[in-house]
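In what follows, a single structure is set out as structure tokens and then discussed.
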Amino acid sequence: MEPVLVTAPELLPVLDELRRREPIFHRPEFASTRAEFAQMTDAGFWEVGASGRRYSREFVLDLLGSRGPQPDEASWVARDFHCLQIAPDNFLLTYALRQGARDTRRATLWRRTADGWKVLYHQGTIVDANG
């Protein structure tokens, strides 16, 4: 039932670059201030949270600007990364993330620009006990 997801060999360098940036908004080496988060997100960015709610870029930036460090992040485990090029300089990165007792599947659309990587869209979906 599960798809077999294999990243094309020519995309392995992109996969490596993007893997280091995930989970987005939780890598202080790439962004830790509102201005840095704004720089890494496209003006049209939006996301769907694990709740199923849609969030605008401004809402996410406001939330990130008020959020402090999350001490349990060090124990999060990201795995099963897959990268697919969907258009020139546009990539879909998918992976699974375990956050304590919560498992989610993640999908992020990334664009490579002259100013660096930009996030276009992100979604997290909770995995129920049946997988």
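Going through the structure tokens in order, the chains are called A, B, and so on, while each chain numbers its residues from 1 and the ligands are numbered from 1 in the order shown.
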* To do: Can you check which residues of range 42-124 of chain A DSSP gives as strand (DSSP E or B) on the backbone and send them as a PyMOL selection string?
  => chain A and resi 42-48+54-56+77-87+90-99+102-113+116-124
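Residues in contact with Gln70 in chain A at up to 12 Å, not including ones fewer than 2 positions away on its chain and judged by only C-alpha atoms, are A:Phe25, A:His26, A:Arg27, A:Pro28, A:Leu64, A:Arg67, A:Gly68, A:Asp72, A:Glu73, A:Ala74, A:Ser75, A:Trp76, A:Gln99.
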* Can you list every residue in range 9-53 of chain A that DSSP puts in alpha helix (DSSP H), as a ChimeraX atom specification? -> /A:12-19,34-40
Okay, now the selection with C-alpha atoms, as a PDB file, in the first residue's frame?
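Produced file part.pdb, reproduced below:
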```
ATOM      1  CA  LEU A  12      20.636  13.858  -3.949  1.00  0.00           C
ATOM      2  CA  PRO A  13      22.574  17.134  -3.424  1.00  0.00           C
ATOM      3  CA  VAL A  14      19.248  19.038  -3.262  1.00  0.00           C
ATOM      4  CA  LEU A  15      17.836  16.422  -0.882  1.00  0.00           C
ATOM      5  CA  ASP A  16      20.866  16.875   1.360  1.00  0.00           C
ATOM      6  CA  GLU A  17      20.520  20.678   1.377  1.00  0.00           C
ATOM      7  CA  LEU A  18      16.798  20.609   2.131  1.00  0.00           C
ATOM      8  CA  ARG A  19      17.015  17.831   4.722  1.00  0.00           C
ATOM      9  CA  ARG A  34      11.030  37.129  12.489  1.00  0.00           C
ATOM     10  CA  ALA A  35      13.056  38.901   9.796  1.00  0.00           C
ATOM     11  CA  GLU A  36      15.046  35.727   9.046  1.00  0.00           C
ATOM     12  CA  PHE A  37      11.852  33.635   8.919  1.00  0.00           C
ATOM     13  CA  ALA A  38      10.347  36.207   6.550  1.00  0.00           C
ATOM     14  CA  GLN A  39      13.461  35.992   4.362  1.00  0.00           C
ATOM     15  CA  MET A  40      13.154  32.197   4.082  1.00  0.00           C
TER      16      MET A  40
END
```
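Residues with any atom within 12 Å of Gly44 in chain A, counting only C-alpha atoms and excluding same-chain neighbours fewer than 2 positions away, are A:Ala38, A:Met40, A:Thr41, A:Asp42, A:Trp46, A:Glu47, A:Tyr55, A:Ser56, A:Arg57, A:Glu58, A:Leu109, A:Arg111, A:Lys118, A:Val119, A:Leu120, A:Tyr121, A:His122.
Coordinates place CA of Phe81 in chain A at a distance of 13.9 Å from CA of Trp110 in chain A.
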* Compile the contact shell of Leu84 in chain A as a VMD selection string: residues with an atom at most 9 Å away, counting only C-alpha atoms, same-chain residues fewer than 3 positions apart removed. => chain A and resid 6 to 8 11 15 90 to 94
Produce a file of the selected residues containing N, CA and C atoms, as a short mmCIF file (atom, residue, chain, number, x, y, z; two decimals), in the first residue's frame.
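Below you can see result_20.cif, which holds the result:
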```
data_model
loop_
_atom_site.label_atom_id
_atom_site.label_comp_id
_atom_site.auth_asym_id
_atom_site.auth_seq_id
_atom_site.Cartn_x
_atom_site.Cartn_y
_atom_site.Cartn_z
N VAL A 6 11.84 6.97 -4.07
CA VAL A 6 13.28 6.99 -4.27
C VAL A 6 13.65 8.31 -4.93
N THR A 7 14.52 9.04 -4.29
CA THR A 7 14.99 10.30 -4.86
C THR A 7 15.93 10.01 -6.02
N ALA A 8 15.72 10.68 -7.14
CA ALA A 8 16.58 10.51 -8.31
C ALA A 8 18.02 10.87 -7.94
N LEU A 11 19.21 14.40 -7.84
CA LEU A 11 18.62 15.29 -6.84
C LEU A 11 19.18 15.06 -5.44
N LEU A 15 18.40 17.12 -2.05
CA LEU A 15 17.84 16.42 -0.88
C LEU A 15 18.67 16.70 0.36
N ASN A 90 12.09 24.19 -8.39
CA ASN A 90 11.02 23.95 -7.41
C ASN A 90 11.00 22.48 -7.04
N PHE A 91 10.96 22.22 -5.72
CA PHE A 91 11.11 20.86 -5.22
C PHE A 91 10.09 20.57 -4.13
N LEU A 92 9.59 19.35 -4.13
CA LEU A 92 8.73 18.85 -3.07
C LEU A 92 9.59 17.96 -2.18
N LEU A 93 9.67 18.30 -0.90
CA LEU A 93 10.39 17.49 0.07
C LEU A 93 9.35 16.88 1.00
N THR A 94 9.38 15.56 1.15
CA THR A 94 8.48 14.88 2.08
C THR A 94 9.31 14.09 3.08
#
```
* Test item: residues at most 9 Å from Leu5 in chain A, only C-alpha atoms, excluding those fewer than 6 positions along its chain, as a list of chain:residue names -> A:Asp80, A:Phe81, A:His82, A:Cys83
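Between CA of Phe45 in chain A and CA of Arg21 in chain A the interatomic distance comes to 16.2 Å.
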